[in-house]
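*Asks:* One structure, pasted below without further comment.
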Amino acid sequence: MLELLFLIFCFLLVLLPLSIFLGKFISTHFNNDPNKIRSKLEKILDTIEKPIFKVCGVNSGEEMTARKYFLSLFWSNVLLSAICFIILYFQNDLPYKGVVAWQLDVPLIFHILSSLITNTCQTHHIPEIHLTSLSNYFVMPLLMFYSSASGLSTGIVFMRALTQNKIGNAYVDVIKSMTRILFPICFVITIIFVLLGMPNTLTTSISYETLDNVKQTILLGPVASFEAIKLFGENGLSCFNANSAHPFENPSYLSNFLQLLCISTVPTAFIVTLGYWLKNHKQSMIILSILFFVLIFEFTVTAAFELKGNPIINNLIKQNSANWTGKDTRLGIIGSSVFEAAKSNLSGSANASIESFHPIASALALFNLSNQSIFGVQGFGTVFTINFILYTAFFIGLMLGKTPEIFGKRIEKNEIILSSMLLLINPFLVLIGIAVTLYLYPCNTGDLYENIHYYTQVFFEFASGTASNGSGLEGLRDNTPYWNLSLAIVMFLARYGAMASMIFLGGSFAHKPIVPPSITTFRTDTIMFAIIFLMMSIMSTILVYFPFIILGPLTEIFMSR
């Protein structure tokens with residue numbers, strides 16, 4: 001366990017300074033206060049962005065309503081998807097094909113596009129077989145950049161409305177998210193990844209003959225560039241089917257550590273930004289303490305069970321052996337376990353077979369996918385975290401007989417309705433999806449364990465889809481018209497239903513005056529509130545999902561003992 005302690009120490013040592021720097025940067029560059037003092041860097045970036053705004057027909061000074069902000073994000077994503085649909089459908093007739101010549105069917109294209117524009121990047125296709133180089137290295141990154149920028153903008157507009165009473169402009173936020181955050185940081189990450197051994201070339205493949213006189217073709221491409229937005233944008237999509245277990249995507253233990261940092265930086269930075277905009281860094285520290293406590297707890301539990309190994313196998317071989325099944329030796333048990341625990345909270349990337357982990361890892365992952373507030377995906381996770389803070393403040397206010405408020409804003413009927421919608425959209429879609437799937441496609445095997453595991457697979461597929469995570473358990477055979485269309489619909493409704501709730505909730509708060517704290521105010525930046533917030537977050541998830549988690553991974557745990 002010394003390796004785990006050292007990895008966690010290095011992780012926090014590097015992540016916190018990076019997040020503080022990025023959080024401060026976001027708080028400065030997305031602050032819409034007209035009276036603020038602008039830095040030289042802001043003036044330079046403004047000069048660069050002016051031609052972009054002009055070409056796109058964007059009025060950078062326009063203040064949108066919450067409704068217009070949402071519709072601008074929604075229709076711009078739909079329009080971009082329509083263009084990419086044409087490219088994917090006619091990929092065999094377009095240049096830069098590489099060695100792939102596959103005609104994609106419409107249900108699979110719908111799934112790919114819905115997955116990408118929702119920042120989910122759930123994969124039912126095999127990149128090496130189904131996608132030409134143009135589709136893989138142009139369409140995928142294009143949509144990953146835009147969906148990540150849309151997620152960033154959603155988190156920013158919610159926090160801005162809550163703290164500054166301003167909505168802003170959707171197009172300005174999306175463009176600035178790309179020009180000031182995603183493009184420059186992904187460029188730096190790409191250079192680092194190339195130095196660590198990732199290929200980054202426009203050459204589609206190389207062919208050679210082995211010592212056994214066997215001809216082989218190895219696919220190449222701008223892998224490092226792809227990985228940068230995949231990880232920093234928390235997309236999780238892979239340019240190779242093995243994802244971050246592929247040596248081109250994750251060549252070493254060091255690259256594995258840097259990938260862990262990439263998927264963690266923005267969610268942590270957003271909490272820091274919230275502290276800057278509230279002018280209350282103690283609030284950020286309290287929230288981060290709770291989130292890191294849960295994350296490190298999951299790191300430790302997952303690693304401990306994997307190091308302990310499978311008791312059934314250990315009894316057969318008469319010795320204790322770690323569970324190496326489905327894991328790469330260059331990354332190790334600890335490197336794989338920490339990545340597995342992090343990806344269900346942050347991103348759909350995977351450096352080992354999720355199916356191979358102890359069922360406790362599936363149980364924790366399903367809790368994370370159901371909760372979504374332990375950091376979570378780009379921008380959205382921060383809003384889910386604040387939403388649980390809102391609920392905690394509301395119930396405390398009811399119990400103590402005080403007017404419930406959050407960050408100086410009164411919580412009233414409209415906010416509770418929108419907050420409840422945000423909380424209930426995903427469970428509704430997940431449970432309806434599971435019920436319909438098990439009715440139409442039940443598991444017909446007579447083995448009890450296989451029946452239970454099939455239920456876990458179905459649950460995981462829908463939970464990761466609605467949580468914009470995209471990871472999944474193997475063996476489901478999900479590249480079928482039913483799975484492609486059902487998941488495409490579920491991902492789309494979950495993403496844009498939650499986005500609408502978030503933006504309208506922010507718009508509702510933007511019209512409220514800030515109430516000065518008084519003797520009756522229950523502060524949200526105390527250790528007591530942090531503990532209650534953690535309990536509320538856990539209890540609300542358990543009340544909705546726990547019976548279903550018991551039926552799946554928890555039953556598997558008891559059966560494997």
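Each chain in the structure tokens gets a letter, A, B and so on, in the order shown; residues start at 1 in every chain, and ligands are counted from 1 in the order they appear.
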Which residues are near Ala322 (chain A)? Cut-off 9 Å, only C-alpha atoms, ignore same chain within fewer than 6 positions. Put them as an mmCIF file with N, CA and C atoms, in the first residue's frame.

*Replies:*
data_model
loop_
_atom_site.group_PDB
_atom_site.id
_atom_site.type_symbol
_atom_site.label_atom_id
_atom_site.label_comp_id
_atom_site.auth_asym_id
_atom_site.auth_seq_id
_atom_site.Cartn_x
_atom_site.Cartn_y
_atom_site.Cartn_z
ATOM 1 N N PHE A 305 -9.014 -4.285 -2.513
ATOM 2 C CA PHE A 305 -9.674 -5.510 -2.975
ATOM 3 C C PHE A 305 -8.927 -6.139 -4.144
ATOM 4 N N GLU A 306 -8.337 -5.312 -5.009
ATOM 5 C CA GLU A 306 -7.574 -5.870 -6.133
ATOM 6 C C GLU A 306 -6.262 -6.493 -5.660
ATOM 7 N N LEU A 307 -5.631 -5.887 -4.662
ATOM 8 C CA LEU A 307 -4.391 -6.463 -4.112
ATOM 9 C C LEU A 307 -4.679 -7.757 -3.360
ATOM 10 N N LYS A 308 -5.849 -7.832 -2.753
ATOM 11 C CA LYS A 308 -6.242 -9.039 -2.023
ATOM 12 C C LYS A 308 -6.479 -10.197 -2.966
ATOM 13 N N GLY A 309 -6.972 -9.891 -4.170
ATOM 14 C CA GLY A 309 -7.186 -10.919 -5.171
ATOM 15 C C GLY A 309 -8.525 -11.608 -5.041
ATOM 16 N N ASN A 310 -8.752 -12.545 -5.931
ATOM 17 C CA ASN A 310 -9.995 -13.312 -5.958
ATOM 18 C C ASN A 310 -9.886 -14.480 -4.978
ATOM 19 N N ASN A 314 -7.566 -17.838 -5.261
ATOM 20 C CA ASN A 314 -6.503 -18.018 -4.260
ATOM 21 C C ASN A 314 -6.652 -19.345 -3.516
ATOM 22 N N ILE A 333 -1.231 -2.950 -10.482
ATOM 23 C CA ILE A 333 -2.517 -3.042 -9.796
ATOM 24 C C ILE A 333 -2.954 -1.671 -9.285
#

*Asks:* For Leu485 (chain A), find every residue with an atom within 12 Å (counting only C-alpha atoms), except residues of its own chain fewer than 6 positions away, and show them as a PDB file with C-alpha atoms, in the first residue's frame.

*Replies:*
ATOM      1  CA  ASP A 105     -25.457   2.038 -40.273  1.00  0.00           C
ATOM      2  CA  VAL A 106     -27.767   4.879 -39.191  1.00  0.00           C
ATOM      3  CA  PRO A 107     -28.513   3.628 -35.618  1.00  0.00           C
ATOM      4  CA  LEU A 108     -24.779   3.389 -34.888  1.00  0.00           C
ATOM      5  CA  ILE A 109     -24.181   6.885 -36.318  1.00  0.00           C
ATOM      6  CA  PHE A 110     -26.976   8.255 -34.119  1.00  0.00           C
ATOM      7  CA  HIS A 111     -25.362   6.605 -31.091  1.00  0.00           C
ATOM      8  CA  ILE A 112     -21.909   7.972 -31.949  1.00  0.00           C
ATOM      9  CA  LEU A 113     -23.207  11.510 -32.434  1.00  0.00           C
ATOM     10  CA  SER A 114     -25.456  11.504 -29.366  1.00  0.00           C
ATOM     11  CA  SER A 115     -22.573  10.127 -27.336  1.00  0.00           C
ATOM     12  CA  HIS A 124     -20.453   0.795 -29.210  1.00  0.00           C
ATOM     13  CA  GLY A 433     -34.384   1.995 -19.570  1.00  0.00           C
ATOM     14  CA  ASP A 478     -24.321  -3.531 -27.341  1.00  0.00           C
ATOM     15  CA  ASN A 479     -23.721  -2.724 -31.024  1.00  0.00           C
ATOM     16  CA  MET A 491     -28.031  10.178 -23.405  1.00  0.00           C
ATOM     17  CA  PHE A 492     -29.610  13.042 -25.348  1.00  0.00           C
TER      18      PHE A 492
END

*Asks:* Check region 60-190 of chain A with DSSP on the backbone and list each residue it calls helix (DSSP H, G or I), as a PyMOL selection string.

*Replies:* chain A and resi 66-89+91-93+106-117+127-130+133-164+170-190

*Asks:* Could you produce a table of the residues of region 247-280 of chain A lying within 8 Å of region 8-32 of chain A, with the nearest pair of atoms per residue and their separation in Å rounded to one decimal, using only C-alpha atoms, ordered by chain and increasing residue number, as CSV?

*Replies:*
residue,atom,partner,partner_atom,distance
A:Phe257,CA,A:Phe11,CA,7.7
A:Leu261,CA,A:Leu15,CA,6.3
A:Ser264,CA,A:Leu15,CA,7.5
A:Thr265,CA,A:Ser19,CA,5.5
A:Val266,CA,A:Ser19,CA,6.9
A:Thr268,CA,A:Ser19,CA,5.8
A:Ala269,CA,A:Gly23,CA,4.2
A:Phe270,CA,A:Gly23,CA,5.8
A:Ile271,CA,A:Gly23,CA,7.4
A:Val272,CA,A:Gly23,CA,5.0
A:Thr273,CA,A:Gly23,CA,4.5
A:Leu274,CA,A:Ser27,CA,7.8
A:Tyr276,CA,A:Ser27,CA,6.4
A:Trp277,CA,A:Ser27,CA,6.6

*Asks:* Please report, as CSV, each residue of region 438-524 of chain A lying at most 9 Å from region 211-235 of chain A, together with the nearest pair of atoms and the separation in Å rounded to one decimal; use only C-alpha atoms, and order rows by chain and ascending residue number.

*Replies:*
residue,atom,partner,partner_atom,distance
A:Ser468,CA,A:Asn235,CA,8.5
A:Asn469,CA,A:Asn235,CA,7.6
A:Gly470,CA,A:Asn235,CA,8.2

*Asks:* Give me the residues near region 410-415 of chain A as a PyMOL selection string, where near means some atom within 12 Å (using only C-alpha atoms) and where sequence neighbours in that chain fewer than 2 positions away do not count.

*Replies:* chain A and resi 162+387+389-398+402-408+417-422+501-517+521

*Asks:* His453 (chain A): which residues within 8 Å, counting only C-alpha atoms, same-chain residues fewer than 6 positions away excluded, as a PyMOL selection string?

*Replies:* chain A and resi 552-553+556

*Asks:* Write a file of the just-selected residues containing N, CA and C atoms, as a tab-separated table (two decimals), in the first residue's frame.

*Replies:*
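Contents of out17.tsv, as written:
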chain	number	residue	atom	x	y	z
A	552	GLY	N	-27.72	-6.02	-8.00
A	552	GLY	CA	-26.62	-6.26	-8.93
A	552	GLY	C	-25.30	-6.54	-8.25
A	553	PRO	N	-24.40	-5.54	-8.19
A	553	PRO	CA	-23.04	-5.80	-7.72
A	553	PRO	C	-22.94	-6.27	-6.27
A	556	GLU	N	-23.50	-9.88	-6.22
A	556	GLU	CA	-22.30	-10.53	-6.78
A	556	GLU	C	-21.20	-10.64	-5.73

*Asks:* Find the residue from A:Gln378, A:Ser60, A:Thr555, A:Ser370 that sits nearest to Tyr449 (chain A); use only C-alpha atoms when measuring.

*Replies:* A:Thr555

*Asks:* Counting only C-alpha atoms, figure out which residue out of A:Ile185, A:Leu440, A:Ile313, A:Ile550 gets nearest to Leu364 (chain A).

*Replies:*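 When distances to Leu364 (chain A) are compared using only C-alpha atoms, the smallest one comes from A:Ile550.
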
*Asks:* Quick one: residues within 10 Å of Val544 (chain A), only C-alpha atoms counted, chain neighbours fewer than 4 positions away excluded, as a list in words?

*Replies:*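 Everything that qualifies: Ser370, Asn371, Leu424, Pro427, Phe428, Leu431, Met539, Ser540, Phe548 and Ile549 of chain A.
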
*Asks:* What does the file look like for those residues with N, CA and C atoms, as a compact mmCIF listing (two decimals), in the first residue's frame?

*Replies:*
# COMPACT_ATOMS: atom_id res chain seq x y z
N SER A 370 -24.59 7.34 -10.27
CA SER A 370 -25.91 7.74 -9.82
C SER A 370 -25.88 9.07 -9.08
N ASN A 371 -24.79 9.32 -8.36
CA ASN A 371 -24.68 10.54 -7.55
C ASN A 371 -24.26 11.75 -8.38
N LEU A 424 -33.97 14.28 -10.52
CA LEU A 424 -34.79 13.12 -10.86
C LEU A 424 -34.75 12.71 -12.33
N PRO A 427 -32.40 9.36 -12.72
CA PRO A 427 -33.01 8.12 -12.22
C PRO A 427 -34.20 7.66 -13.05
N PHE A 428 -35.02 8.61 -13.47
CA PHE A 428 -36.19 8.26 -14.28
C PHE A 428 -35.76 7.56 -15.57
N LEU A 431 -33.99 3.98 -14.76
CA LEU A 431 -34.87 2.90 -14.31
C LEU A 431 -35.87 2.50 -15.39
N MET A 539 -27.33 9.76 1.17
CA MET A 539 -28.68 9.28 1.46
C MET A 539 -29.61 9.45 0.27
N SER A 540 -29.52 10.59 -0.41
CA SER A 540 -30.42 10.82 -1.55
C SER A 540 -30.14 9.81 -2.66
N PHE A 548 -31.50 -1.20 -6.31
CA PHE A 548 -31.04 -1.71 -7.61
C PHE A 548 -29.55 -2.09 -7.54
N ILE A 549 -28.79 -1.36 -6.72
CA ILE A 549 -27.39 -1.73 -6.53
C ILE A 549 -27.30 -3.05 -5.76
